[in-house]
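Novice: What follows is a single structure, and I will ask about it in a moment.
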Amino acid sequence: MSASAPSTFTLYPAIDLRGGRVVRLEQGDFAREQVYGEDPGLVARAFAAQGAAWIHVVDLDGARAGERRQSAAIEGIARSLAERPGGATVRLQVAGGIRTPAALADVLGAGASRAVLGTVALRDPEAVGAAVAR
């Protein structure tokens, strides 16, 4: 890329969910969490107010358990963003515990524009290929 060509990229602020709260784990250690908020929708609206086009949401409980656990919080975030007066659309990218076609359909049905498939992509790449084809 030449020195005069503009560089573009998208920042994805993240909301990590554990027990319905917004947290951050220190070096991925569940025993060392810091709580940043009790209302994930409020945090999402704050990111939106600061100009976020996307928000990355991680269901930490789901990632740990192998199945989605923060469905209500994710639906609440999507609803909270949809109810915002004015402003640009903010889309959700969701990860954590999405390991079955039903879980994928649920997260997309809850308002996510994208789903991140991690563990299942390594364990069952054919299933991921089928999901992408759908």
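Letters A, B, ... go to the chains of the structure tokens in the order shown; residues in each chain start at 1; ligands are counted from 1 in the same order.
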Write out as a list in words which residues come within 12 Å of A:Val43 when counting only C-alpha atoms, dropping same-chain ones fewer than 6 positions away.

Specialist: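 Near neighbours after the sequence-gap exclusion: Pro13, Ala14, Ile15, Asp16, Leu17, Arg21, Val22, Val23, Val35, Tyr36, Gly37, Ala49, Gln50, Ala52, Ile55, His56, Val57, Ala73, Gly76, Ile77, Ala78, Ser80 and Leu81 of chain A.
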
Novice: How about saving the chosen residues, N, CA and C atoms kept, as a PDB file, in the first residue's frame?

Specialist:
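Output file out25.pdb follows:
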ATOM      1  N   PRO A  13     -16.142  -2.975  19.199  1.00  0.00           N
ATOM      2  CA  PRO A  13     -16.167  -2.990  20.661  1.00  0.00           C
ATOM      3  C   PRO A  13     -16.834  -4.284  21.102  1.00  0.00           C
ATOM      4  N   ALA A  14     -16.383  -4.813  22.231  1.00  0.00           N
ATOM      5  CA  ALA A  14     -16.873  -6.123  22.669  1.00  0.00           C
ATOM      6  C   ALA A  14     -17.633  -6.027  23.982  1.00  0.00           C
ATOM      7  N   ILE A  15     -18.662  -6.850  24.053  1.00  0.00           N
ATOM      8  CA  ILE A  15     -19.406  -7.045  25.291  1.00  0.00           C
ATOM      9  C   ILE A  15     -19.284  -8.522  25.625  1.00  0.00           C
ATOM     10  N   ASP A  16     -18.535  -8.821  26.671  1.00  0.00           N
ATOM     11  CA  ASP A  16     -18.393 -10.192  27.138  1.00  0.00           C
ATOM     12  C   ASP A  16     -19.418 -10.409  28.242  1.00  0.00           C
ATOM     13  N   LEU A  17     -20.256 -11.438  28.085  1.00  0.00           N
ATOM     14  CA  LEU A  17     -21.343 -11.698  29.017  1.00  0.00           C
ATOM     15  C   LEU A  17     -21.049 -12.901  29.897  1.00  0.00           C
ATOM     16  N   ARG A  21     -24.150 -10.241  33.081  1.00  0.00           N
ATOM     17  CA  ARG A  21     -23.425  -8.986  33.297  1.00  0.00           C
ATOM     18  C   ARG A  21     -22.324  -8.812  32.255  1.00  0.00           C
ATOM     19  N   VAL A  22     -21.894  -7.579  32.083  1.00  0.00           N
ATOM     20  CA  VAL A  22     -20.788  -7.262  31.179  1.00  0.00           C
ATOM     21  C   VAL A  22     -19.501  -7.384  31.991  1.00  0.00           C
ATOM     22  N   VAL A  23     -18.624  -8.286  31.550  1.00  0.00           N
ATOM     23  CA  VAL A  23     -17.395  -8.549  32.294  1.00  0.00           C
ATOM     24  C   VAL A  23     -16.184  -8.563  31.365  1.00  0.00           C
ATOM     25  N   VAL A  35     -16.245  -6.814  36.589  1.00  0.00           N
ATOM     26  CA  VAL A  35     -17.580  -6.469  36.116  1.00  0.00           C
ATOM     27  C   VAL A  35     -17.566  -5.018  35.658  1.00  0.00           C
ATOM     28  N   TYR A  36     -18.039  -4.799  34.422  1.00  0.00           N
ATOM     29  CA  TYR A  36     -18.103  -3.454  33.852  1.00  0.00           C
ATOM     30  C   TYR A  36     -19.521  -2.907  33.817  1.00  0.00           C
ATOM     31  N   GLY A  37     -20.508  -3.774  33.997  1.00  0.00           N
ATOM     32  CA  GLY A  37     -21.878  -3.284  33.982  1.00  0.00           C
ATOM     33  C   GLY A  37     -22.869  -4.394  34.222  1.00  0.00           C
ATOM     34  N   ALA A  49     -23.687   5.098  20.634  1.00  0.00           N
ATOM     35  CA  ALA A  49     -23.619   6.567  20.728  1.00  0.00           C
ATOM     36  C   ALA A  49     -22.232   7.082  20.363  1.00  0.00           C
ATOM     37  N   GLN A  50     -21.227   6.234  20.556  1.00  0.00           N
ATOM     38  CA  GLN A  50     -19.857   6.623  20.221  1.00  0.00           C
ATOM     39  C   GLN A  50     -19.502   6.288  18.776  1.00  0.00           C
ATOM     40  N   ALA A  52     -20.130   3.197  17.025  1.00  0.00           N
ATOM     41  CA  ALA A  52     -19.871   1.811  16.631  1.00  0.00           C
ATOM     42  C   ALA A  52     -20.855   1.368  15.557  1.00  0.00           C
ATOM     43  N   ILE A  55     -21.006  -4.443  17.060  1.00  0.00           N
ATOM     44  CA  ILE A  55     -20.634  -4.792  18.430  1.00  0.00           C
ATOM     45  C   ILE A  55     -20.452  -6.305  18.469  1.00  0.00           C
ATOM     46  N   HIS A  56     -19.330  -6.727  19.014  1.00  0.00           N
ATOM     47  CA  HIS A  56     -19.002  -8.143  19.157  1.00  0.00           C
ATOM     48  C   HIS A  56     -19.459  -8.576  20.551  1.00  0.00           C
ATOM     49  N   VAL A  57     -20.360  -9.552  20.620  1.00  0.00           N
ATOM     50  CA  VAL A  57     -20.901 -10.035  21.889  1.00  0.00           C
ATOM     51  C   VAL A  57     -20.443 -11.475  22.088  1.00  0.00           C
ATOM     52  N   ALA A  73     -29.888 -12.156  27.382  1.00  0.00           N
ATOM     53  CA  ALA A  73     -29.082 -10.935  27.359  1.00  0.00           C
ATOM     54  C   ALA A  73     -28.801 -10.498  25.924  1.00  0.00           C
ATOM     55  N   GLY A  76     -31.862  -9.010  24.531  1.00  0.00           N
ATOM     56  CA  GLY A  76     -32.033  -7.696  25.139  1.00  0.00           C
ATOM     57  C   GLY A  76     -31.143  -6.644  24.503  1.00  0.00           C
ATOM     58  N   ILE A  77     -29.917  -7.017  24.182  1.00  0.00           N
ATOM     59  CA  ILE A  77     -28.999  -6.085  23.514  1.00  0.00           C
ATOM     60  C   ILE A  77     -29.570  -5.698  22.152  1.00  0.00           C
ATOM     61  N   ALA A  78     -29.993  -6.705  21.376  1.00  0.00           N
ATOM     62  CA  ALA A  78     -30.539  -6.433  20.040  1.00  0.00           C
ATOM     63  C   ALA A  78     -31.775  -5.538  20.142  1.00  0.00           C
ATOM     64  N   SER A  80     -32.565  -3.489  22.591  1.00  0.00           N
ATOM     65  CA  SER A  80     -32.139  -2.176  23.076  1.00  0.00           C
ATOM     66  C   SER A  80     -31.596  -1.316  21.943  1.00  0.00           C
ATOM     67  N   LEU A  81     -30.830  -1.928  21.055  1.00  0.00           N
ATOM     68  CA  LEU A  81     -30.276  -1.180  19.919  1.00  0.00           C
ATOM     69  C   LEU A  81     -31.365  -0.819  18.920  1.00  0.00           C
TER      70      LEU A  81
END

Novice: List every residue of stretch 17-114 of chain A that DSSP, applied to the backbone of this structure, assigns to helix (DSSP H, G or I), and report them as a PyMOL selection string.

Specialist: chain A and resi 40-49+60-65+71-82+101-109

Novice: For the residues selected in the previous step, produce a file with N, CA and C atoms as a JSON list (two decimals), in the first residue's frame.

Specialist:
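part-v7.json, written as the output of this step:
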[["chain", "number", "residue", "atom", "x", "y", "z"],
["A", 40, "PRO", "N", -26.30, -5.03, 29.89],
["A", 40, "PRO", "CA", -25.62, -5.12, 28.60],
["A", 40, "PRO", "C", -26.22, -4.19, 27.55],
["A", 41, "GLY", "N", -27.53, -3.97, 27.58],
["A", 41, "GLY", "CA", -28.17, -3.06, 26.62],
["A", 41, "GLY", "C", -27.67, -1.64, 26.77],
["A", 42, "LEU", "N", -27.46, -1.21, 28.00],
["A", 42, "LEU", "CA", -26.94, 0.13, 28.26],
["A", 42, "LEU", "C", -25.53, 0.28, 27.71],
["A", 43, "VAL", "N", -24.71, -0.75, 27.90],
["A", 43, "VAL", "CA", -23.33, -0.73, 27.37],
["A", 43, "VAL", "C", -23.37, -0.69, 25.84],
["A", 44, "ALA", "N", -24.25, -1.47, 25.23],
["A", 44, "ALA", "CA", -24.38, -1.48, 23.77],
["A", 44, "ALA", "C", -24.81, -0.11, 23.26],
["A", 45, "ARG", "N", -25.77, 0.52, 23.92],
["A", 45, "ARG", "CA", -26.21, 1.86, 23.48],
["A", 45, "ARG", "C", -25.08, 2.88, 23.61],
["A", 46, "ALA", "N", -24.26, 2.73, 24.64],
["A", 46, "ALA", "CA", -23.11, 3.64, 24.79],
["A", 46, "ALA", "C", -22.13, 3.46, 23.63],
["A", 47, "PHE", "N", -21.86, 2.21, 23.24],
["A", 47, "PHE", "CA", -20.99, 1.98, 22.08],
["A", 47, "PHE", "C", -21.61, 2.59, 20.83],
["A", 48, "ALA", "N", -22.92, 2.41, 20.66],
["A", 48, "ALA", "CA", -23.62, 2.96, 19.50],
["A", 48, "ALA", "C", -23.53, 4.48, 19.49],
["A", 49, "ALA", "N", -23.69, 5.10, 20.63],
["A", 49, "ALA", "CA", -23.62, 6.57, 20.73],
["A", 49, "ALA", "C", -22.23, 7.08, 20.36],
["A", 60, "LEU", "N", -19.70, -15.84, 27.35],
["A", 60, "LEU", "CA", -18.62, -16.58, 28.00],
["A", 60, "LEU", "C", -19.13, -17.84, 28.68],
["A", 61, "ASP", "N", -20.30, -17.77, 29.28],
["A", 61, "ASP", "CA", -20.88, -18.95, 29.91],
["A", 61, "ASP", "C", -21.13, -20.03, 28.86],
["A", 62, "GLY", "N", -21.62, -19.62, 27.70],
["A", 62, "GLY", "CA", -21.88, -20.56, 26.61],
["A", 62, "GLY", "C", -20.61, -21.17, 26.07],
["A", 63, "ALA", "N", -19.58, -20.35, 25.92],
["A", 63, "ALA", "CA", -18.30, -20.85, 25.42],
["A", 63, "ALA", "C", -17.74, -21.91, 26.37],
["A", 64, "ARG", "N", -17.88, -21.65, 27.65],
["A", 64, "ARG", "CA", -17.36, -22.57, 28.66],
["A", 64, "ARG", "C", -18.19, -23.86, 28.73],
["A", 65, "ALA", "N", -19.52, -23.72, 28.64],
["A", 65, "ALA", "CA", -20.41, -24.87, 28.78],
["A", 65, "ALA", "C", -20.59, -25.65, 27.48],
["A", 71, "SER", "N", -28.76, -16.19, 26.06],
["A", 71, "SER", "CA", -29.74, -15.87, 25.01],
["A", 71, "SER", "C", -30.57, -14.64, 25.37],
["A", 72, "ALA", "N", -31.06, -14.58, 26.58],
["A", 72, "ALA", "CA", -31.92, -13.45, 26.99],
["A", 72, "ALA", "C", -31.14, -12.14, 26.94],
["A", 73, "ALA", "N", -29.89, -12.16, 27.38],
["A", 73, "ALA", "CA", -29.08, -10.94, 27.36],
["A", 73, "ALA", "C", -28.80, -10.50, 25.92],
["A", 74, "ILE", "N", -28.54, -11.45, 25.04],
["A", 74, "ILE", "CA", -28.27, -11.12, 23.63],
["A", 74, "ILE", "C", -29.52, -10.55, 22.98],
["A", 75, "GLU", "N", -30.66, -11.16, 23.24],
["A", 75, "GLU", "CA", -31.92, -10.63, 22.72],
["A", 75, "GLU", "C", -32.18, -9.23, 23.26],
["A", 76, "GLY", "N", -31.86, -9.01, 24.53],
["A", 76, "GLY", "CA", -32.03, -7.70, 25.14],
["A", 76, "GLY", "C", -31.14, -6.64, 24.50],
["A", 77, "ILE", "N", -29.92, -7.02, 24.18],
["A", 77, "ILE", "CA", -29.00, -6.08, 23.51],
["A", 77, "ILE", "C", -29.57, -5.70, 22.15],
["A", 78, "ALA", "N", -29.99, -6.70, 21.38],
["A", 78, "ALA", "CA", -30.54, -6.43, 20.04],
["A", 78, "ALA", "C", -31.78, -5.54, 20.14],
["A", 79, "ARG", "N", -32.65, -5.84, 21.09],
["A", 79, "ARG", "CA", -33.87, -5.04, 21.28],
["A", 79, "ARG", "C", -33.52, -3.61, 21.70],
["A", 80, "SER", "N", -32.56, -3.49, 22.59],
["A", 80, "SER", "CA", -32.14, -2.18, 23.08],
["A", 80, "SER", "C", -31.60, -1.32, 21.94],
["A", 81, "LEU", "N", -30.83, -1.93, 21.06],
["A", 81, "LEU", "CA", -30.28, -1.18, 19.92],
["A", 81, "LEU", "C", -31.36, -0.82, 18.92],
["A", 82, "ALA", "N", -32.32, -1.73, 18.71],
["A", 82, "ALA", "CA", -33.41, -1.47, 17.76],
["A", 82, "ALA", "C", -34.32, -0.35, 18.26],
["A", 101, "PRO", "N", -26.62, -26.47, 14.57],
["A", 101, "PRO", "CA", -27.43, -25.67, 13.65],
["A", 101, "PRO", "C", -28.56, -24.92, 14.38],
["A", 102, "ALA", "N", -29.15, -25.55, 15.39],
["A", 102, "ALA", "CA", -30.22, -24.89, 16.14],
["A", 102, "ALA", "C", -29.69, -23.68, 16.90],
["A", 103, "ALA", "N", -28.52, -23.80, 17.51],
["A", 103, "ALA", "CA", -27.93, -22.66, 18.23],
["A", 103, "ALA", "C", -27.61, -21.53, 17.26],
["A", 104, "LEU", "N", -27.12, -21.87, 16.09],
["A", 104, "LEU", "CA", -26.83, -20.86, 15.08],
["A", 104, "LEU", "C", -28.11, -20.15, 14.65],
["A", 105, "ALA", "N", -29.15, -20.91, 14.39],
["A", 105, "ALA", "CA", -30.43, -20.30, 14.00],
["A", 105, "ALA", "C", -30.99, -19.42, 15.12],
["A", 106, "ASP", "N", -30.84, -19.87, 16.36],
["A", 106, "ASP", "CA", -31.34, -19.08, 17.49],
["A", 106, "ASP", "C", -30.62, -17.75, 17.62],
["A", 107, "VAL", "N", -29.30, -17.76, 17.49],
["A", 107, "VAL", "CA", -28.55, -16.52, 17.67],
["A", 107, "VAL", "C", -28.85, -15.54, 16.53],
["A", 108, "LEU", "N", -29.02, -16.06, 15.32],
["A", 108, "LEU", "CA", -29.38, -15.17, 14.21],
["A", 108, "LEU", "C", -30.81, -14.67, 14.37],
["A", 109, "GLY", "N", -31.68, -15.53, 14.88],
["A", 109, "GLY", "CA", -33.06, -15.14, 15.13],
["A", 109, "GLY", "C", -33.20, -14.14, 16.27]]

Novice: Write out as a PyMOL selection string which residues come within 12 Å of A:Gly118 when counting only C-alpha atoms, dropping same-chain ones fewer than 3 positions away.

Specialist: chain A and resi 58+63+66+94-100+104+115+121-125+128

Novice: May I have all residues of chain A that DSSP, computed from the backbone, assigns to strand (DSSP E or B), given as a ChimeraX atom specification?

Specialist: /A:14-18,21-26,29-37,54-59,91-95,114-116

Novice: To one decimal place, how far is atom CA of A:Ala53 from atom CA of A:Thr119 in Å?

Specialist: 26.2 Å

Novice: Suppose you want the space between atom CA of A:Pro85 and atom CA of A:Ala112; what is it in Å?

Specialist: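 Computing the Euclidean distance for atom CA of A:Pro85 and atom CA of A:Ala112 yields 19.4 Å.
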
Novice: Could you jot down the atom CA of A:Arg69 to atom CA of A:Gly51 separation for me, Å, one decimal place?

Specialist: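 So the two atoms, atom CA of A:Arg69 and atom CA of A:Gly51, lie 28.3 Å apart.
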